[in-house]
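Coordinates from my_file-v2.cif are shown below (mmCIF, C-alpha atoms and all ligand atoms).
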data_run
loop_
_atom_site.label_atom_id
_atom_site.label_comp_id
_atom_site.auth_asym_id
_atom_site.auth_seq_id
_atom_site.Cartn_x
_atom_site.Cartn_y
_atom_site.Cartn_z
CA MET O 1 -92.33 36.62 52.12
CA ILE O 2 -94.47 39.64 52.54
CA PHE O 3 -93.13 42.66 54.35
CA PRO O 4 -93.53 41.54 58.04
CA ALA O 5 -91.30 38.52 57.33
CA VAL O 6 -88.43 40.70 56.12
CA LEU O 7 -88.71 43.15 59.03
CA PRO O 8 -86.28 41.23 61.33
CA SER O 9 -83.62 41.29 58.57
CA LEU O 10 -83.73 45.08 58.20
CA ARG O 11 -81.08 47.22 59.85
CA CYS O 12 -80.97 50.98 60.27
CA VAL O 13 -78.34 52.37 57.89
CA THR O 14 -77.38 55.00 60.45
CA CYS O 15 -77.05 53.04 63.70
CA GLY O 16 -77.43 49.35 62.71
CA SER O 17 -80.45 48.68 64.97
CA THR O 18 -83.60 46.77 64.10
CA PHE O 19 -86.90 48.40 63.15
CA GLY O 20 -90.35 48.35 64.65
CA PHE O 21 -93.50 48.76 62.55
CA GLU O 22 -95.99 51.57 63.18
CA THR O 23 -99.06 51.79 60.91
CA ASP O 24 -97.45 52.63 57.55
CA ARG O 25 -93.83 53.24 58.61
CA ILE O 26 -90.88 51.38 60.04
CA VAL O 27 -89.10 53.13 62.89
CA CYS O 28 -85.54 52.46 64.07
CA GLN O 29 -85.75 51.15 67.63
CA LYS O 30 -82.65 53.09 68.64
CA CYS O 31 -82.31 56.37 66.71
CA GLN O 32 -86.00 56.67 65.71
CA LEU O 33 -85.24 57.25 62.01
CA SER O 34 -88.33 56.20 60.09
CA TYR O 35 -89.18 55.18 56.53
CA PRO O 36 -92.51 54.64 54.73
CA VAL O 37 -93.88 51.22 53.84
CA SER O 38 -96.23 51.09 50.87
CA GLY O 39 -97.47 48.23 48.72
CA ASP O 40 -95.76 45.86 51.21
CA ILE O 41 -92.37 47.45 50.36
CA PRO O 42 -90.16 49.40 52.80
CA ARG O 43 -88.99 52.50 50.91
CA PHE O 44 -85.53 53.75 51.83
CA THR O 45 -85.15 55.74 48.59
CA ASP O 46 -87.51 57.45 46.20
CA ASP O 47 -87.72 57.10 42.43
CA ARG O 48 -86.06 60.36 41.36
CA HIS O 49 -82.65 58.82 40.77
CA LEU O 50 -82.69 55.90 38.26
CA ALA O 51 -86.33 56.67 37.40
CA SER O 52 -86.00 55.25 33.87
CA PHE O 53 -85.68 51.79 35.39
CA GLY O 54 -88.92 52.16 37.36
CA ARG O 55 -90.59 53.16 34.13
CA GLN O 56 -89.27 50.30 31.97
CA TRP O 57 -89.67 47.45 34.43
CA ASN O 58 -93.20 48.47 35.41
CA LYS O 59 -94.25 48.90 31.80
CA TYR O 60 -92.83 45.93 29.87
CA GLU O 61 -93.54 42.24 30.39
CA VAL O 62 -90.10 40.72 29.90
CA ALA O 63 -89.97 37.74 32.27
CA HIS O 64 -89.79 34.31 30.58
CA ASP O 65 -89.31 31.42 33.00
CA ASP O 66 -87.07 29.06 31.00
CA GLU O 67 -84.93 31.82 29.57
CA ASP O 68 -84.58 33.52 32.96
CA ARG O 69 -83.49 30.29 34.67
CA ALA O 70 -80.87 29.67 31.95
CA THR O 71 -79.60 33.27 32.08
CA PHE O 72 -79.47 33.19 35.88
CA GLN O 73 -77.36 30.03 35.81
CA ALA O 74 -75.04 31.38 33.11
CA LYS O 75 -74.53 34.77 34.79
CA THR O 76 -74.12 33.52 38.36
CA GLY O 77 -72.47 30.14 37.85
CA ILE O 78 -75.09 28.63 40.19
CA ALA O 79 -77.80 26.16 39.23
CA PRO O 80 -81.18 27.20 40.67
CA GLY O 81 -81.52 23.65 42.05
CA ASP O 82 -78.60 24.31 44.43
CA LEU O 83 -80.29 27.26 46.14
CA LYS O 84 -82.88 25.50 48.29
CA GLY O 85 -82.92 26.88 51.83
CA LEU O 86 -80.15 29.44 51.20
CA ARG O 87 -80.45 33.14 52.02
CA VAL O 88 -80.06 34.97 48.72
CA LEU O 89 -79.74 38.70 47.91
CA ASP O 90 -80.64 39.93 44.40
CA ALA O 91 -78.74 43.24 44.31
CA GLY O 92 -80.52 45.48 41.79
CA CYS O 93 -83.48 43.18 41.23
CA GLY O 94 -85.29 45.41 38.69
CA GLY O 95 -88.64 43.80 37.85
CA GLY O 96 -87.69 40.70 39.87
CA ARG O 97 -87.23 38.02 37.19
CA TYR O 98 -84.14 36.50 38.86
CA SER O 99 -85.55 36.86 42.38
CA LYS O 100 -88.45 34.79 41.08
CA VAL O 101 -86.07 32.11 39.73
CA CYS O 102 -84.35 31.86 43.14
CA ALA O 103 -87.55 31.87 45.20
CA GLU O 104 -89.17 29.23 42.99
CA ALA O 105 -86.05 27.13 43.59
CA GLY O 106 -86.68 27.32 47.35
CA ALA O 107 -84.24 30.06 48.41
CA ILE O 108 -85.16 32.74 50.96
CA VAL O 109 -84.76 35.84 48.84
CA VAL O 110 -84.44 39.58 49.40
CA GLY O 111 -84.50 41.75 46.27
CA ALA O 112 -83.25 45.34 46.51
CA ASP O 113 -83.53 48.10 43.95
CA HIS O 114 -83.30 51.89 44.04
CA SER O 115 -86.27 52.38 41.73
CA SER O 116 -90.01 51.72 41.76
CA ALA O 117 -89.22 48.55 39.77
CA VAL O 118 -89.64 46.81 43.15
CA GLU O 119 -93.40 47.23 42.62
CA LYS O 120 -93.26 45.08 39.49
CA ALA O 121 -91.01 42.61 41.30
CA THR O 122 -93.51 42.33 44.16
CA GLN O 123 -96.30 41.71 41.67
CA LEU O 124 -94.26 39.15 39.68
CA CYS O 125 -93.50 37.20 42.86
CA SER O 126 -96.90 37.61 44.53
CA HIS O 127 -97.46 33.84 44.48
CA LEU O 128 -94.27 33.23 46.51
CA SER O 129 -94.03 33.52 50.29
CA ASN O 130 -90.21 33.28 50.47
CA VAL O 131 -89.25 36.54 48.73
CA ALA O 132 -89.49 40.21 49.77
CA PHE O 133 -88.33 43.46 48.22
CA VAL O 134 -86.89 46.70 49.55
CA GLN O 135 -86.49 49.97 47.68
CA ALA O 136 -82.99 51.01 48.66
CA ASP O 137 -79.61 52.18 47.42
CA LEU O 138 -77.15 49.27 47.19
CA LYS O 139 -74.44 51.52 48.65
CA HIS O 140 -76.49 51.88 51.84
CA LEU O 141 -78.37 48.62 52.16
CA PRO O 142 -80.67 48.45 55.18
CA LEU O 143 -79.70 44.80 55.77
CA GLU O 144 -77.50 42.95 58.21
CA PRO O 145 -73.96 42.71 56.82
CA ALA O 146 -72.53 39.22 56.15
CA SER O 147 -75.98 37.65 56.41
CA PHE O 148 -76.43 36.11 52.91
CA ASP O 149 -75.21 32.72 51.65
CA PHE O 150 -75.33 33.92 48.06
CA VAL O 151 -75.41 37.44 46.62
CA PHE O 152 -75.72 38.18 42.92
CA SER O 153 -76.01 41.29 40.80
CA ILE O 154 -76.84 41.17 37.10
CA GLY O 155 -76.38 44.30 34.99
CA VAL O 156 -76.65 46.80 37.82
CA MET O 157 -73.54 48.33 39.36
CA HIS O 158 -72.30 50.07 36.18
CA HIS O 159 -75.40 52.30 36.41
CA ASP O 160 -74.10 54.04 39.51
CA ALA O 161 -71.75 57.04 39.46
CA ASP O 162 -69.11 54.76 41.02
CA THR O 163 -69.37 51.07 40.08
CA LYS O 164 -66.71 49.90 42.53
CA SER O 165 -68.29 51.54 45.56
CA VAL O 166 -71.49 49.58 44.82
CA PHE O 167 -69.46 46.38 44.34
CA ASP O 168 -67.75 46.84 47.73
CA ALA O 169 -70.93 47.76 49.59
CA VAL O 170 -72.80 44.72 48.23
CA ALA O 171 -69.77 42.44 48.88
CA ARG O 172 -70.16 43.18 52.59
CA MET O 173 -73.54 41.42 52.54
CA VAL O 174 -71.93 38.05 51.71
CA ARG O 175 -71.26 35.88 54.76
CA PRO O 176 -67.79 34.37 55.17
CA GLY O 177 -67.77 31.24 53.00
CA GLY O 178 -70.70 32.56 50.96
CA ARG O 179 -70.68 33.14 47.23
CA TYR O 180 -70.83 36.39 45.19
CA SER O 181 -71.50 36.65 41.42
CA VAL O 182 -71.41 39.91 39.47
CA TRP O 183 -72.15 40.71 35.82
CA LEU O 184 -71.13 44.11 34.39
CA TYR O 185 -71.01 45.60 30.91
CA ARG O 186 -67.85 44.77 29.01
CA ARG O 187 -65.57 47.49 27.64
CA ASN O 188 -65.68 47.42 23.82
CA GLN O 189 -63.23 48.64 21.20
CA TRP O 190 -62.35 52.32 21.51
CA TRP O 191 -64.31 53.30 18.39
CA GLN O 192 -67.44 51.54 19.65
CA GLU O 193 -67.06 53.25 23.02
CA ARG O 194 -66.67 56.67 21.39
CA LEU O 195 -69.72 56.22 19.18
CA ASN O 196 -71.78 54.90 22.06
CA ASP O 197 -70.80 57.81 24.32
CA ALA O 198 -71.76 60.30 21.61
CA LEU O 199 -75.13 58.63 21.09
CA ARG O 200 -75.91 58.26 24.77
CA ASN O 201 -74.89 61.84 25.36
CA ARG O 202 -78.00 62.69 23.36
CA THR O 203 -80.39 59.91 24.35
CA THR O 204 -79.92 60.32 28.10
CA ARG O 205 -81.14 63.93 27.76
CA MET O 206 -84.20 63.02 25.72
CA ASP O 207 -87.72 63.04 27.06
CA PRO O 208 -88.39 59.37 28.01
CA THR O 209 -91.58 59.14 25.92
CA ARG O 210 -89.71 60.36 22.84
CA LEU O 211 -86.82 58.02 23.53
CA GLU O 212 -89.24 55.12 23.85
CA ARG O 213 -90.52 55.86 20.35
CA TRP O 214 -86.93 55.61 19.05
CA CYS O 215 -86.51 52.37 20.94
CA GLU O 216 -89.56 50.99 19.14
CA TRP O 217 -87.57 51.52 15.91
CA GLY O 218 -84.67 49.71 17.55
CA GLY O 219 -87.09 46.91 18.43
CA TRP O 220 -88.12 46.71 14.75
CA LEU O 221 -84.50 46.66 13.50
CA GLY O 222 -83.66 43.97 16.06
CA GLY O 223 -86.34 41.75 14.53
CA LEU O 224 -84.75 41.84 11.06
CA PRO O 225 -82.54 38.82 10.29
CA VAL O 226 -78.90 39.57 9.33
CA ILE O 227 -79.29 43.28 10.22
CA ASN O 228 -79.72 42.35 13.87
CA LYS O 229 -76.42 40.43 13.86
CA THR O 230 -74.34 43.03 12.03
CA LEU O 231 -75.53 46.61 12.55
CA ASN O 232 -75.71 46.10 16.30
CA LYS O 233 -71.89 45.78 16.42
CA ILE O 234 -71.86 49.47 15.57
CA VAL O 235 -74.98 50.87 17.24
CA ASN O 236 -76.54 48.92 20.06
CA PHE O 237 -80.10 47.65 19.84
CA SER O 238 -81.53 44.42 21.13
CA ALA O 239 -81.93 41.32 18.97
CA HIS O 240 -84.05 39.41 21.52
CA PRO O 241 -86.65 37.15 19.84
CA ASN O 242 -89.48 38.89 21.70
CA ARG O 243 -90.41 42.41 20.54
CA GLU O 244 -91.35 43.71 23.98
CA ASN O 245 -87.97 42.57 25.35
CA ARG O 246 -86.23 44.28 22.43
CA ILE O 247 -87.88 47.63 23.14
CA CYS O 248 -87.25 47.33 26.88
CA ASP O 249 -83.59 46.29 26.41
CA THR O 250 -82.95 49.12 23.96
CA PHE O 251 -84.50 51.68 26.33
CA ASP O 252 -82.46 50.10 29.14
CA TRP O 253 -79.32 50.87 27.14
CA TYR O 254 -80.04 54.44 26.07
CA ALA O 255 -81.97 55.95 29.00
CA PRO O 256 -79.86 55.59 32.18
CA GLN O 257 -77.64 58.51 33.15
CA PHE O 258 -74.63 56.31 33.99
CA GLN O 259 -73.38 53.34 32.04
CA TYR O 260 -69.78 52.35 32.67
CA HIS O 261 -68.01 49.53 30.85
CA HIS O 262 -65.41 47.35 32.57
CA THR O 263 -62.75 44.72 31.93
CA GLU O 264 -62.44 41.22 33.36
CA ALA O 265 -59.12 42.10 34.99
CA GLU O 266 -60.71 45.08 36.72
CA LEU O 267 -63.62 43.06 38.12
CA GLN O 268 -61.35 40.20 39.20
CA SER O 269 -59.12 42.65 41.06
CA TRP O 270 -62.17 43.98 42.97
CA PHE O 271 -63.01 40.45 44.11
CA ASP O 272 -59.40 39.90 45.19
CA SER O 273 -59.13 43.13 47.14
CA ALA O 274 -62.51 42.56 48.85
CA GLY O 275 -61.19 39.26 50.27
CA PHE O 276 -62.76 36.69 47.93
CA ASN O 277 -61.17 33.34 47.03
CA ASP O 278 -61.72 30.94 44.13
CA VAL O 279 -62.31 33.95 41.88
CA ARG O 280 -63.40 32.70 38.46
CA VAL O 281 -64.41 34.35 35.19
CA LEU O 282 -67.69 32.89 33.92
CA PRO O 283 -68.00 32.18 30.18
CA PRO O 284 -70.67 33.92 28.08
CA GLU O 285 -74.11 32.34 27.88
CA LYS O 286 -73.99 31.88 24.10
CA GLN O 287 -71.74 29.24 22.52
CA GLY O 288 -70.17 28.93 19.07
CA GLN O 289 -66.69 29.66 17.74
CA VAL O 290 -67.55 32.83 15.83
CA TYR O 291 -69.50 34.24 18.78
CA ARG O 292 -66.63 33.43 21.13
CA TRP O 293 -64.08 35.12 18.88
CA VAL O 294 -66.16 38.31 18.51
CA TYR O 295 -66.75 38.30 22.27
CA GLU O 296 -63.07 37.90 23.09
CA GLN O 297 -62.20 40.78 20.74
CA ASN O 298 -64.56 42.91 22.88
CA LEU O 299 -66.64 43.63 19.79
CA LEU O 300 -70.01 42.63 21.22
CA ILE O 301 -71.80 45.73 22.47
CA GLY O 302 -73.89 44.95 25.54
CA SER O 303 -71.99 41.79 26.39
CA GLY O 304 -70.56 41.36 29.85
CA VAL O 305 -67.71 40.66 32.17
CA ASN O 306 -68.82 38.07 34.64
CA VAL O 307 -66.98 36.95 37.77
CA THR O 308 -67.81 34.80 40.79
CA GLY O 309 -65.94 34.21 44.04
CA THR O 310 -66.24 32.87 47.59
CA ARG O 311 -65.77 35.16 50.56
CA SER O 312 -62.82 34.20 52.69
CA THR O 313 -63.72 32.40 55.94
CA ARG O 314 -60.65 33.68 57.71
CA THR O 315 -62.58 36.58 59.25
CA ASN O 316 -65.17 34.24 60.81
CA SER O 317 -64.32 30.57 61.18
CA THR O 318 -67.68 29.56 62.71
CA VAL O 319 -69.57 29.65 59.40
CA GLU O 320 -69.35 26.68 57.07
CA ASN O 321 -69.32 26.88 53.27
CA PRO O 322 -72.71 25.61 51.97
CA GLY O 323 -71.01 24.45 48.79
CA VAL O 324 -72.91 26.73 46.43
C1 LIG P 1 -80.50 46.85 33.92
S1 LIG P 1 -81.44 46.75 35.38
C2 LIG P 1 -81.18 45.03 35.84
C3 LIG P 1 -82.29 44.47 36.69
C4 LIG P 1 -82.19 42.97 36.98
N1 LIG P 1 -80.94 42.63 37.62
C5 LIG P 1 -82.37 42.18 35.71
O1 LIG P 1 -81.37 41.83 35.10
O2 LIG P 1 -83.52 41.96 35.32
C6 LIG P 1 -80.46 47.62 36.56
C7 LIG P 1 -81.19 47.84 37.89
O3 LIG P 1 -80.24 48.27 38.87
C8 LIG P 1 -80.83 49.23 39.69
N2 LIG P 1 -79.75 50.01 40.29
C9 LIG P 1 -78.70 50.62 39.67
N3 LIG P 1 -77.90 51.23 40.58
C10 LIG P 1 -78.44 50.98 41.80
C11 LIG P 1 -78.08 51.34 43.13
N4 LIG P 1 -77.01 52.08 43.40
N5 LIG P 1 -78.88 50.92 44.14
C12 LIG P 1 -79.99 50.15 43.89
N6 LIG P 1 -80.37 49.80 42.65
C13 LIG P 1 -79.61 50.21 41.62
C14 LIG P 1 -81.73 50.02 38.75
O4 LIG P 1 -82.74 50.71 39.43
C15 LIG P 1 -82.26 48.93 37.82
O5 LIG P 1 -83.50 48.42 38.18
ZN ZN P 2 -81.11 53.93 63.77
#

Mind converting the file's structure to structure tokens?
Amino acid sequence: MIFPAVLPSLRCVTCGSTFGFETDRIVCQKCQLSYPVSGDIPRFTDDRHLASFGRQWNKYEVAHDDEDRATFQAKTGIAPGDLKGLRVLDAGCGGGRYSKVCAEAGAIVVGADHSSAVEKATQLCSHLSNVAFVQADLKHLPLEPASFDFVFSIGVMHHDADTKSVFDAVARMVRPGGRYSVWLYRRNQWWQERLNDALRNRTTRMDPTRLERWCEWGGWLGGLPVINKTLNKIVNFSAHPNRENRICDTFDWYAPQFQYHHTEAELQSWFDSAGFNDVRVLPPEKQGQVYRWVYEQNLLIGSGVNVTGTRSTRTNSTVENPGV
């Protein structure tokens, strides 16, 4: 879905009206507010905030089809095969790997991200006509509220100054009876949190090129057997089998200004208070008794809390549950 196809879904964040298209801008048909369109992407934000993400997603090739489908299913609780024909929002799409999974499964997808990562996402999905991207803040999405059958957000909201305000704003995009799945960083043991805060206090101030060089060391450590399963309980670095993913994941951890860690109870309570039913905690992607024990002790740095729920239909009884 190239830009003209997404135009009817866009709504002015100030007055809620639709947009018209004029040369290289979209213009609100009511209040005349206008935004640039470049590279087939409407740009409601620029790249100054969350710039590290634009840098990492545009630089590293980290999409792997089979792995991304499996991770999508584990972190949303939805099989890609169940998405055909549904309207799906990827909230914080980054380089677009999960938007691609959904669009290849036949969903009609909108991916939104604050950063220039949407350029990589557009490129990654250039062979698909049923996906479009917008560069926008999730707290002020230029989209019609309650218009998506399924909304998911993987590893995103904890990078805002206020995780819950992003959660609530994105929740409003789910139609009554639609499904919402959110994955956030898990709160670890106090000593891990302290050490991580102290480290990130330094790394988030570093020049990104210098930090990337450190992350290359992290990528090397993550490739060493045994070390990558032990030392990373103390200091986080990625143990992904692919070196480029390891460097990207490690940069992803140490560069962003905000990185909040949450508990399952906290995330479940947000679903409850936003009017979601059938709220369920999703199990971690990896299996095994030892893994499960370490996970449940909150010892795994970079692991998540993962919850899914269905928006109550009581506010609008005309919409049926698609059964996703
Ligand atoms: C760790 S990346 C995850 C990207 C993607 N979900 C994935 O897993 O491949 C987090 C993304 O969230 C985006 N993000 C964080 N806060 C945001 C906000 N308030 N509005 C829009 N995007 C946001 C960042 O720009 C970044 O690309
Ligand atoms: Zn307007």

Could you give me, as JSON lines, a per-residue list for chain O showing, wherever an atom lies at most 7 Å from an atom of ligand ZN 2 (chain P), the closest pair of atoms and their distance in Å to one decimal, using all atoms listed in the file and sorting by chain then residue number from low to high?
{"residue": "O:Cys12", "atom": "CA", "partner": "P:ZN2", "partner_atom": "ZN", "distance": 4.6}
{"residue": "O:Val13", "atom": "CA", "partner": "P:ZN2", "partner_atom": "ZN", "distance": 6.7}
{"residue": "O:Thr14", "atom": "CA", "partner": "P:ZN2", "partner_atom": "ZN", "distance": 5.1}
{"residue": "O:Cys15", "atom": "CA", "partner": "P:ZN2", "partner_atom": "ZN", "distance": 4.2}
{"residue": "O:Gly16", "atom": "CA", "partner": "P:ZN2", "partner_atom": "ZN", "distance": 6.0}
{"residue": "O:Ser17", "atom": "CA", "partner": "P:ZN2", "partner_atom": "ZN", "distance": 5.4}
{"residue": "O:Cys28", "atom": "CA", "partner": "P:ZN2", "partner_atom": "ZN", "distance": 4.7}
{"residue": "O:Gln29", "atom": "CA", "partner": "P:ZN2", "partner_atom": "ZN", "distance": 6.6}
{"residue": "O:Lys30", "atom": "CA", "partner": "P:ZN2", "partner_atom": "ZN", "distance": 5.2}
{"residue": "O:Cys31", "atom": "CA", "partner": "P:ZN2", "partner_atom": "ZN", "distance": 4.0}
{"residue": "O:Gln32", "atom": "CA", "partner": "P:ZN2", "partner_atom": "ZN", "distance": 5.9}
{"residue": "O:Leu33", "atom": "CA", "partner": "P:ZN2", "partner_atom": "ZN", "distance": 5.6}

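Among the candidates O:Trp253, O:Val226, O:Thr308, O:Glu285, the residue lying nearest to Asp68 in chain O is O:Glu285 (atoms considered: only C-alpha atoms).
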
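Nearest-residue note for Asp66 in chain O: choosing from O:Ala265, O:Arg179, O:Gln259, O:Val101, the minimum distance belongs to O:Val101, counting all atoms listed in the file.
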
Pick out the closest residue to ligand LIG 1 (chain P) from this set: O:Ile247, O:Cys125, O:Leu86, O:Ala136. Count all atoms listed in the file.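 Smallest distance to ligand LIG 1 (chain P) is found for O:Ala136.
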
List as a list in words the protein and nucleic acid residues near Pro256 in chain O, meaning an atom at most 7 Å away when all atoms listed in the file are counted, but skip any in the same chain fewer than 5 places from it. Leu50, Ser52, His159 and Thr204 of chain O

Let me have all residues with an atom within 8 Å of ligand LIG 1 (chain P), counting only C-alpha atoms and all ligand atoms, laid out as an NGL selection string. :O and (50-54 or 57 or 90-98 or 112-117 or 135-139 or 153-160 or 166 or 252-253)

Using all atoms listed in the file: which of O:Arg314, O:Arg210, O:Arg11, O:Arg172 has the shortest distance to Val134 in chain O: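 For Val134 in chain O, the nearest of the candidates is O:Arg11.
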